[in-house]
>>> print(open('entry.csv').read())   # CSV, C-alpha atoms and all ligand atoms
chain,number,residue,atom,x,y,z
Z,141,MET,CA,78.2,85.5,105.2
Z,142,THR,CA,81.7,83.9,105.4
Z,143,ASP,CA,83.4,81.9,108.1
Z,144,LYS,CA,86.8,83.3,107.5
Z,145,TYR,CA,88.8,86.2,108.9
Z,146,ASP,CA,89.6,88.7,106.2
Z,147,ARG,CA,91.9,91.3,107.7
Z,148,LYS,CA,92.0,93.6,104.7
Z,149,LYS,CA,88.2,93.8,104.7
Z,150,VAL,CA,88.1,94.5,108.5
Z,151,GLU,CA,90.8,97.1,108.1
Z,152,MET,CA,89.1,98.9,105.2
Z,153,GLU,CA,85.8,98.8,107.1
Z,154,PHE,CA,87.3,100.6,110.1
Z,155,ASP,CA,89.5,102.9,108.1
Z,156,GLY,CA,86.3,104.2,106.5
Z,157,MET,CA,84.3,104.8,109.7
Z,158,GLY,CA,83.3,108.4,110.3
Z,159,GLU,CA,83.8,110.4,113.5
Z,160,ASP,CA,80.2,110.0,114.5
Z,161,SER,CA,80.1,106.2,114.3
Z,162,SER,CA,79.1,104.8,117.7
Z,163,ILE,CA,81.3,101.7,117.4
Z,164,VAL,CA,84.5,103.7,117.1
Z,165,HIS,CA,83.6,106.9,118.9
Z,166,TRP,CA,86.1,108.5,121.4
Z,167,ASP,CA,83.4,109.3,124.0
Z,168,ALA,CA,83.2,106.8,126.8
Z,169,ASN,CA,79.9,108.3,128.0
Z,170,ARG,CA,77.8,107.8,124.9
Z,171,GLU,CA,75.2,105.3,126.1
Z,172,ASP,CA,75.3,102.0,124.2
Z,173,ILE,CA,76.4,98.4,124.7
Z,174,ILE,CA,80.1,99.2,124.0
Z,175,THR,CA,80.3,101.9,126.7
Z,176,THR,CA,78.4,99.8,129.1
Z,177,VAL,CA,80.9,97.0,128.6
Z,178,GLY,CA,83.9,99.2,128.5
Z,179,ARG,CA,83.2,101.1,131.7
Z,180,LYS,CA,82.7,97.8,133.6
Z,181,ALA,CA,85.8,96.3,132.0
Z,182,MET,CA,87.8,99.3,133.1
Z,183,ASP,CA,86.7,98.9,136.7
Z,184,LEU,CA,87.8,95.2,136.6
Z,185,LEU,CA,91.3,96.3,135.6
Z,186,ASP,CA,91.7,97.6,139.2
Z,187,LEU,CA,93.9,100.4,137.9
Z,188,ASN,CA,96.6,102.2,139.9
Z,189,LYS,CA,99.2,104.8,139.1
Z,190,LYS,CA,102.0,102.2,138.6
Z,191,ASP,CA,100.1,100.4,135.9
Z,192,VAL,CA,101.3,100.2,132.3
Z,193,VAL,CA,98.2,99.2,130.2
Z,194,LEU,CA,97.9,97.9,126.6
Z,195,ASP,CA,94.6,98.6,124.8
Z,196,MET,CA,94.3,96.2,121.9
Z,197,GLY,CA,91.9,97.3,119.1
Z,198,THR,CA,92.0,100.8,120.6
Z,199,GLY,CA,90.0,102.5,117.8
Z,200,ARG,CA,89.9,106.2,118.4
Z,201,GLY,CA,91.3,105.6,121.9
Z,202,ARG,CA,88.1,105.8,123.8
Z,203,TRP,CA,89.4,103.5,126.6
Z,204,ALA,CA,93.0,104.6,126.4
Z,205,LEU,CA,91.9,108.2,127.1
Z,206,GLU,CA,89.9,107.1,130.2
Z,207,ILE,CA,92.6,104.7,131.5
Z,208,SER,CA,95.4,107.3,131.0
Z,209,GLN,CA,94.0,109.3,133.9
Z,210,LYS,CA,94.4,106.4,136.3
Z,211,CYS,CA,97.7,104.8,135.4
Z,212,LYS,CA,101.3,105.5,134.5
Z,213,MET,CA,101.1,104.8,130.8
Z,214,VAL,CA,98.8,103.4,128.1
Z,215,LEU,CA,99.8,101.8,124.8
Z,216,GLY,CA,97.1,101.6,122.2
Z,217,ILE,CA,97.4,99.3,119.1
Z,218,ASP,CA,95.1,98.9,116.1
Z,219,ILE,CA,95.0,97.7,112.5
Z,220,SER,CA,93.3,100.8,111.2
Z,221,ASN,CA,95.8,103.6,110.3
Z,222,ASN,CA,92.9,106.1,110.0
Z,223,LEU,CA,91.7,105.4,113.5
Z,224,LEU,CA,95.2,105.5,114.9
Z,225,LEU,CA,95.7,109.0,113.3
Z,226,SER,CA,92.4,110.1,114.8
Z,227,ALA,CA,93.3,108.7,118.2
Z,228,LYS,CA,96.7,110.5,118.1
Z,229,ARG,CA,95.1,113.8,117.2
Z,230,ILE,CA,92.5,113.5,120.0
Z,231,ALA,CA,95.2,112.7,122.7
Z,232,GLU,CA,97.4,115.6,121.4
Z,233,SER,CA,94.5,118.1,121.4
Z,234,ARG,CA,93.9,117.2,125.1
Z,235,GLY,CA,97.5,117.5,126.0
Z,236,ILE,CA,97.7,113.9,127.2
Z,237,GLU,CA,101.3,112.7,127.3
Z,238,ASN,CA,101.1,109.2,128.7
Z,239,ILE,CA,99.5,107.5,125.7
Z,240,SER,CA,101.4,106.1,122.7
Z,241,TYR,CA,99.6,104.6,119.7
Z,242,PHE,CA,101.2,102.0,117.4
Z,243,ARG,CA,100.0,99.9,114.5
Z,244,GLY,CA,99.6,96.3,115.8
Z,245,SER,CA,97.1,93.5,115.9
Z,246,PHE,CA,96.0,90.6,117.9
Z,247,GLU,CA,97.8,88.4,115.4
Z,248,ASN,CA,101.0,90.4,115.7
Z,249,PRO,CA,101.1,93.1,118.4
Z,250,PHE,CA,104.6,94.0,117.4
Z,251,GLU,CA,103.9,95.3,113.8
Z,252,GLU,CA,105.4,98.7,114.6
Z,253,MET,CA,106.9,98.4,118.0
Z,254,ASP,CA,108.3,95.7,120.3
Z,255,LEU,CA,105.9,96.3,123.2
Z,256,ARG,CA,107.8,94.0,125.6
Z,257,LYS,CA,110.1,96.9,126.6
Z,258,TYR,CA,107.2,98.8,128.3
Z,259,ARG,CA,106.7,96.2,131.1
Z,260,ILE,CA,102.9,96.0,130.5
Z,261,ASN,CA,101.1,94.5,133.4
Z,262,LYS,CA,97.4,95.0,132.3
Z,263,ILE,CA,95.7,94.4,128.9
Z,264,ILE,CA,92.3,95.4,127.8
Z,265,ALA,CA,90.4,94.7,124.6
Z,266,ILE,CA,86.9,96.2,124.1
Z,267,TYR,CA,84.7,95.0,121.3
Z,268,ALA,CA,87.6,94.2,119.1
Z,269,MET,CA,88.6,90.5,119.4
Z,270,HIS,CA,85.3,89.1,118.0
Z,271,HIS,CA,86.6,89.7,114.5
Z,272,LEU,CA,88.9,86.8,115.0
Z,273,THR,CA,88.0,83.1,114.6
Z,274,ASP,CA,88.2,80.8,117.6
Z,275,PRO,CA,91.7,79.4,116.8
Z,276,MET,CA,92.9,82.9,116.2
Z,277,LYS,CA,91.6,84.1,119.5
Z,278,LYS,CA,93.6,81.3,121.2
Z,279,ARG,CA,96.8,82.5,119.4
Z,280,ALA,CA,96.0,86.1,120.3
Z,281,VAL,CA,95.9,85.2,124.0
Z,282,ASP,CA,99.3,83.4,123.5
Z,283,ASN,CA,100.6,86.7,122.1
Z,284,MET,CA,99.2,88.7,125.0
Z,285,LEU,CA,101.0,86.3,127.4
Z,286,LYS,CA,104.3,87.1,125.6
Z,287,ILE,CA,103.8,90.8,126.6
Z,288,LEU,CA,102.1,90.6,130.0
Z,289,GLN,CA,104.3,91.0,133.1
Z,290,ARG,CA,103.3,88.9,136.2
Z,291,PRO,CA,101.3,89.6,138.3
Z,292,GLY,CA,99.1,90.8,135.5
Z,293,ILE,CA,95.5,91.1,134.4
Z,294,ILE,CA,93.7,90.8,131.0
Z,295,VAL,CA,90.2,92.0,130.6
Z,296,ILE,CA,88.2,91.2,127.4
Z,297,GLY,CA,84.8,92.9,127.0
Z,298,ASP,CA,83.0,91.8,123.8
Z,299,LEU,CA,80.3,89.9,122.0
Z,300,MET,CA,80.4,86.4,123.6
Z,301,TRP,CA,77.5,83.9,123.6
Z,302,SER,CA,76.2,82.6,126.9
Z,303,GLU,CA,73.1,81.5,125.0
Z,304,PRO,CA,72.5,80.5,121.4
Z,305,PRO,CA,72.6,83.8,119.4
Z,306,GLU,CA,69.5,82.6,117.4
Z,307,ASN,CA,67.4,83.0,120.5
Z,308,HIS,CA,68.2,86.7,120.6
Z,309,ARG,CA,67.9,87.7,116.9
Z,310,GLU,CA,66.0,90.9,117.8
Z,311,LYS,CA,69.0,92.1,119.7
Z,312,TRP,CA,71.7,91.6,117.0
Z,313,ASP,CA,71.6,95.2,115.8
Z,314,GLU,CA,71.6,96.6,119.4
Z,315,VAL,CA,74.8,94.6,120.3
Z,316,TYR,CA,76.4,95.4,116.9
Z,317,TYR,CA,76.5,91.8,115.7
Z,318,ASP,CA,76.9,91.8,111.9
Z,319,GLU,CA,75.4,88.3,111.5
Z,320,GLY,CA,78.8,86.6,110.7
Z,321,ASP,CA,79.9,88.9,107.9
Z,322,SER,CA,83.1,89.9,109.7
Z,323,ASP,CA,82.1,89.1,113.3
Z,324,PHE,CA,82.9,85.7,114.8
Z,325,PRO,CA,82.1,85.8,118.5
Z,326,SER,CA,83.0,82.8,120.6
Z,327,SER,CA,81.0,81.1,123.3
Z,328,VAL,CA,81.8,82.2,126.8
Z,329,GLU,CA,82.9,78.6,127.6
Z,330,TYR,CA,85.4,78.7,124.8
Z,331,LEU,CA,87.0,82.0,125.9
Z,332,LYS,CA,87.0,81.0,129.5
Z,333,ASN,CA,88.8,77.7,128.6
Z,334,VAL,CA,91.4,79.6,126.6
Z,335,PHE,CA,92.4,81.6,129.7
Z,336,VAL,CA,92.0,78.7,132.2
Z,337,SER,CA,94.3,76.5,130.1
Z,338,SER,CA,96.8,79.3,130.1
Z,339,GLY,CA,96.9,79.2,133.9
Z,340,ALA,CA,94.7,82.2,134.7
Z,341,GLU,CA,92.2,82.6,137.5
Z,342,VAL,CA,89.1,83.6,135.5
Z,343,GLU,CA,86.0,85.6,136.3
Z,344,TYR,CA,83.0,86.1,133.8
Z,345,VAL,CA,80.6,89.0,134.0
Z,346,LYS,CA,77.4,88.7,132.0
Z,347,ILE,CA,76.2,91.9,130.6
Z,348,HIS,CA,73.7,90.4,128.2
Z,349,PRO,CA,73.2,86.8,126.8
Z,350,LEU,CA,75.3,87.9,123.8
Z,351,VAL,CA,77.8,90.2,125.5
Z,352,GLY,CA,80.1,89.8,128.4
Z,353,ILE,CA,83.4,90.4,130.1
Z,354,ILE,CA,86.2,88.0,131.0
Z,355,LYS,CA,88.8,89.0,133.5
Z,356,ALA,CA,91.9,86.7,133.6
Z,357,LYS,CA,94.3,87.1,136.5
Z,358,PHE,CA,97.9,85.8,136.2
Z,359,VAL,CA,99.9,85.6,139.4
B,401,LIG,C1,84.2,98.2,117.5
B,401,LIG,S1,85.8,98.9,117.4
B,401,LIG,C2,86.1,99.2,119.1
B,401,LIG,C3,87.2,100.2,119.4
B,401,LIG,C4,87.5,100.6,120.8
B,401,LIG,N1,88.0,99.4,121.5
B,401,LIG,C5,86.3,101.1,121.5
B,401,LIG,O1,85.7,100.4,122.4
B,401,LIG,O2,86.0,102.3,121.2
B,401,LIG,C6,86.9,97.5,117.0
B,401,LIG,C7,88.3,97.9,116.8
B,401,LIG,O3,89.1,96.7,116.7
B,401,LIG,C8,90.0,97.0,115.7
B,401,LIG,N2,90.5,95.6,115.2
B,401,LIG,C9,89.8,94.8,114.4
B,401,LIG,N3,90.5,93.7,114.2
B,401,LIG,C10,91.7,93.8,114.8
B,401,LIG,C11,92.9,93.0,114.9
B,401,LIG,N4,92.9,91.9,114.3
B,401,LIG,N5,93.9,93.5,115.6
B,401,LIG,C12,93.8,94.7,116.2
B,401,LIG,N6,92.7,95.5,116.2
B,401,LIG,C13,91.7,95.1,115.4
B,401,LIG,C14,89.3,97.8,114.7
B,401,LIG,O4,90.2,98.5,113.8
B,401,LIG,C15,88.6,98.8,115.6
B,401,LIG,O5,89.3,99.9,115.9
>>> encode(input="entry.csv", output="structure tokens", more="lines below")
Ligand SMILES: C[S@@+](CC[C@H](N)C(=O)[O-])C[C@H]1O[C@@H](n2cnc3c(N)ncnc32)[C@H](O)[C@@H]1O
Amino acid sequence: MTDKYDRKKVEMEFDGMGEDSSIVHWDANREDIITTVGRKAMDLLDLNKKDVVLDMGTGRGRWALEISQKCKMVLGIDISNNLLLSAKRIAESRGIENISYFRGSFENPFEEMDLRKYRINKIIAIYAMHHLTDPMKKRAVDNMLKILQRPGIIVIGDLMWSEPPENHREKWDEVYYDEGDSDFPSSVEYLKNVFVSSGAEVEYVKIHPLVGIIKAKFV
């Protein structure tokens, strides 16, 4: 157990994940905690055909693929080159033309592309941000706000504690918590405060004592 973010380690872990891994699968209908959170988070985006959406920590593009059917354009960013390659192949094989994938991170969304030119008005991040420590999450939200057009919406669906995690030890595997090896979930209160202090109207949806969704509306 460490209490430090190690990007190289996270990157290598995800680069090495096979196509059948549930946590980076492309199928939004596989039943588990990630799809439960992702589908609800997608609803909360209130998508329409004019929206340009950024999916941060897109993985194999599970949510980018779903969202692309309901909006104008989706941009997906991730730190794993292998997952990005896989995501590109899947979108191509389905003939989907309104998704673009780039290398980019919560720490620096612009690693490959300056995303500001796309006029992004909605941002989603599913089960990806919990790899960051609390101060890094605050800086990640600041980065999102450099990209987001107003009015805009950010929806984060992830591990987040509304109760002490020790009280739910038997659920750690089910919610994919790695006991602090490379997962650093925040409390719901911390995440809510990050968005409130950035001027958002915030709604919290509890999925599980260890998993939830935060919707932040910026007018
Ligand atoms: C559990 S997977 C979820 C993938 C996808 N959102 C989904 O729901 O299928 C977490 C993803 O976050 C990505 N990730 C981890 N740390 C990241 C960071 N600092 N910046 C961007 N992406 C990151 C990983 O590479 C991985 O693709």
>>> closest_residue(input="entry.csv", among="Z:Thr176, Z:Ser245, Z:Asn169, Z:Ser326", to="ligand LIG 401 (chain B)", atoms="only C-alpha atoms and all ligand atoms")
Z:Ser245
>>> residues_around(input="entry.csv", residues="Ser302 (chain Z)", least_positions_apart="5", cutoff="9 Å", atoms="all atoms listed in the file", output="PyMOL selection string")
chain Z and resi 327-329+346+348-352
>>> residues_near_ligand(input="entry.csv", ligand="ligand LIG 401 (chain B)", cutoff="8 Å", atoms="only C-alpha atoms and all ligand atoms", output="VMD selection string")
chain Z and resid 147 150 to 151 154 to 155 163 to 168 174 to 175 178 195 to 203 217 to 220 223 244 to 249 265 to 272
>>> write_last_selection(input="entry.csv", atoms="C-alpha atoms", output="mmCIF file, in the frame of the given file")
data_model
loop_
_atom_site.group_PDB
_atom_site.id
_atom_site.type_symbol
_atom_site.label_atom_id
_atom_site.label_comp_id
_atom_site.auth_asym_id
_atom_site.auth_seq_id
_atom_site.Cartn_x
_atom_site.Cartn_y
_atom_site.Cartn_z
ATOM 1 C CA ARG Z 147 91.900 91.300 107.700
ATOM 2 C CA VAL Z 150 88.100 94.500 108.500
ATOM 3 C CA GLU Z 151 90.800 97.100 108.100
ATOM 4 C CA PHE Z 154 87.300 100.600 110.100
ATOM 5 C CA ASP Z 155 89.500 102.900 108.100
ATOM 6 C CA ILE Z 163 81.300 101.700 117.400
ATOM 7 C CA VAL Z 164 84.500 103.700 117.100
ATOM 8 C CA HIS Z 165 83.600 106.900 118.900
ATOM 9 C CA TRP Z 166 86.100 108.500 121.400
ATOM 10 C CA ASP Z 167 83.400 109.300 124.000
ATOM 11 C CA ALA Z 168 83.200 106.800 126.800
ATOM 12 C CA ILE Z 174 80.100 99.200 124.000
ATOM 13 C CA THR Z 175 80.300 101.900 126.700
ATOM 14 C CA GLY Z 178 83.900 99.200 128.500
ATOM 15 C CA ASP Z 195 94.600 98.600 124.800
ATOM 16 C CA MET Z 196 94.300 96.200 121.900
ATOM 17 C CA GLY Z 197 91.900 97.300 119.100
ATOM 18 C CA THR Z 198 92.000 100.800 120.600
ATOM 19 C CA GLY Z 199 90.000 102.500 117.800
ATOM 20 C CA ARG Z 200 89.900 106.200 118.400
ATOM 21 C CA GLY Z 201 91.300 105.600 121.900
ATOM 22 C CA ARG Z 202 88.100 105.800 123.800
ATOM 23 C CA TRP Z 203 89.400 103.500 126.600
ATOM 24 C CA ILE Z 217 97.400 99.300 119.100
ATOM 25 C CA ASP Z 218 95.100 98.900 116.100
ATOM 26 C CA ILE Z 219 95.000 97.700 112.500
ATOM 27 C CA SER Z 220 93.300 100.800 111.200
ATOM 28 C CA LEU Z 223 91.700 105.400 113.500
ATOM 29 C CA GLY Z 244 99.600 96.300 115.800
ATOM 30 C CA SER Z 245 97.100 93.500 115.900
ATOM 31 C CA PHE Z 246 96.000 90.600 117.900
ATOM 32 C CA GLU Z 247 97.800 88.400 115.400
ATOM 33 C CA ASN Z 248 101.000 90.400 115.700
ATOM 34 C CA PRO Z 249 101.100 93.100 118.400
ATOM 35 C CA ALA Z 265 90.400 94.700 124.600
ATOM 36 C CA ILE Z 266 86.900 96.200 124.100
ATOM 37 C CA TYR Z 267 84.700 95.000 121.300
ATOM 38 C CA ALA Z 268 87.600 94.200 119.100
ATOM 39 C CA MET Z 269 88.600 90.500 119.400
ATOM 40 C CA HIS Z 270 85.300 89.100 118.000
ATOM 41 C CA HIS Z 271 86.600 89.700 114.500
ATOM 42 C CA LEU Z 272 88.900 86.800 115.000
#
>>> closest_residue(input="entry.csv", among="Z:Arg290, Z:Val334, Z:Lys189, Z:Pro325", to="Glu303 (chain Z)", atoms="all atoms listed in the file")
Z:Pro325
>>> residues_around(input="entry.csv", residues="Glu341 (chain Z)", least_positions_apart="2", cutoff="8 Å", atoms="all atoms listed in the file", output="PyMOL selection string")
chain Z and resi 335-336+339+343+356-358
>>> write_last_selection(input="entry.csv", atoms="C-alpha atoms", output="JSON list (two decimals), in the coordinates of the input")
[["chain", "number", "residue", "atom", "x", "y", "z"],
["Z", 335, "PHE", "CA", 92.40, 81.60, 129.70],
["Z", 336, "VAL", "CA", 92.00, 78.70, 132.20],
["Z", 339, "GLY", "CA", 96.90, 79.20, 133.90],
["Z", 343, "GLU", "CA", 86.00, 85.60, 136.30],
["Z", 356, "ALA", "CA", 91.90, 86.70, 133.60],
["Z", 357, "LYS", "CA", 94.30, 87.10, 136.50],
["Z", 358, "PHE", "CA", 97.90, 85.80, 136.20]]
>>> closest_residue(input="entry.csv", among="Z:Phe324, Z:Tyr258, Z:Trp301, Z:Phe250", to="Met213 (chain Z)", atoms="all atoms listed in the file")
Z:Tyr258
>>> atom_distance(input="entry.csv", atom1="CA of Ile293 (chain Z)", atom2="CA of Leu185 (chain Z)")
6.8 Å
>>> closest_residue(input="entry.csv", among="Z:Ile236, Z:Leu255, Z:Leu215, Z:Met276", to="Tyr145 (chain Z)", atoms="only C-alpha atoms")
Z:Met276
>>> residues_around(input="entry.csv", residues="Ile296 (chain Z)", least_positions_apart="4", cutoff="6 Å", atoms="all atoms listed in the file", output="list in words")
Ile264, Ala265, Ile353 and Ile354 of chain Z
>>> atom_distance(input="entry.csv", atom1="CA of Ile287 (chain Z)", atom2="CA of Leu205 (chain Z)")
21.1 Å
>>> atom_distance(input="entry.csv", atom1="CA of Val177 (chain Z)", atom2="CA of Gln209 (chain Z)")
18.7 Å
>>> closest_residue(input="entry.csv", among="Z:Lys286, Z:Val342, Z:Val295, Z:Glu232", to="Leu184 (chain Z)", atoms="all atoms listed in the file")
Z:Val295
>>> closest_residue(input="entry.csv", among="Z:Gly216, Z:Gly235, Z:Ser162, Z:Tyr330", to="Met253 (chain Z)", atoms="only C-alpha atoms")
Z:Gly216
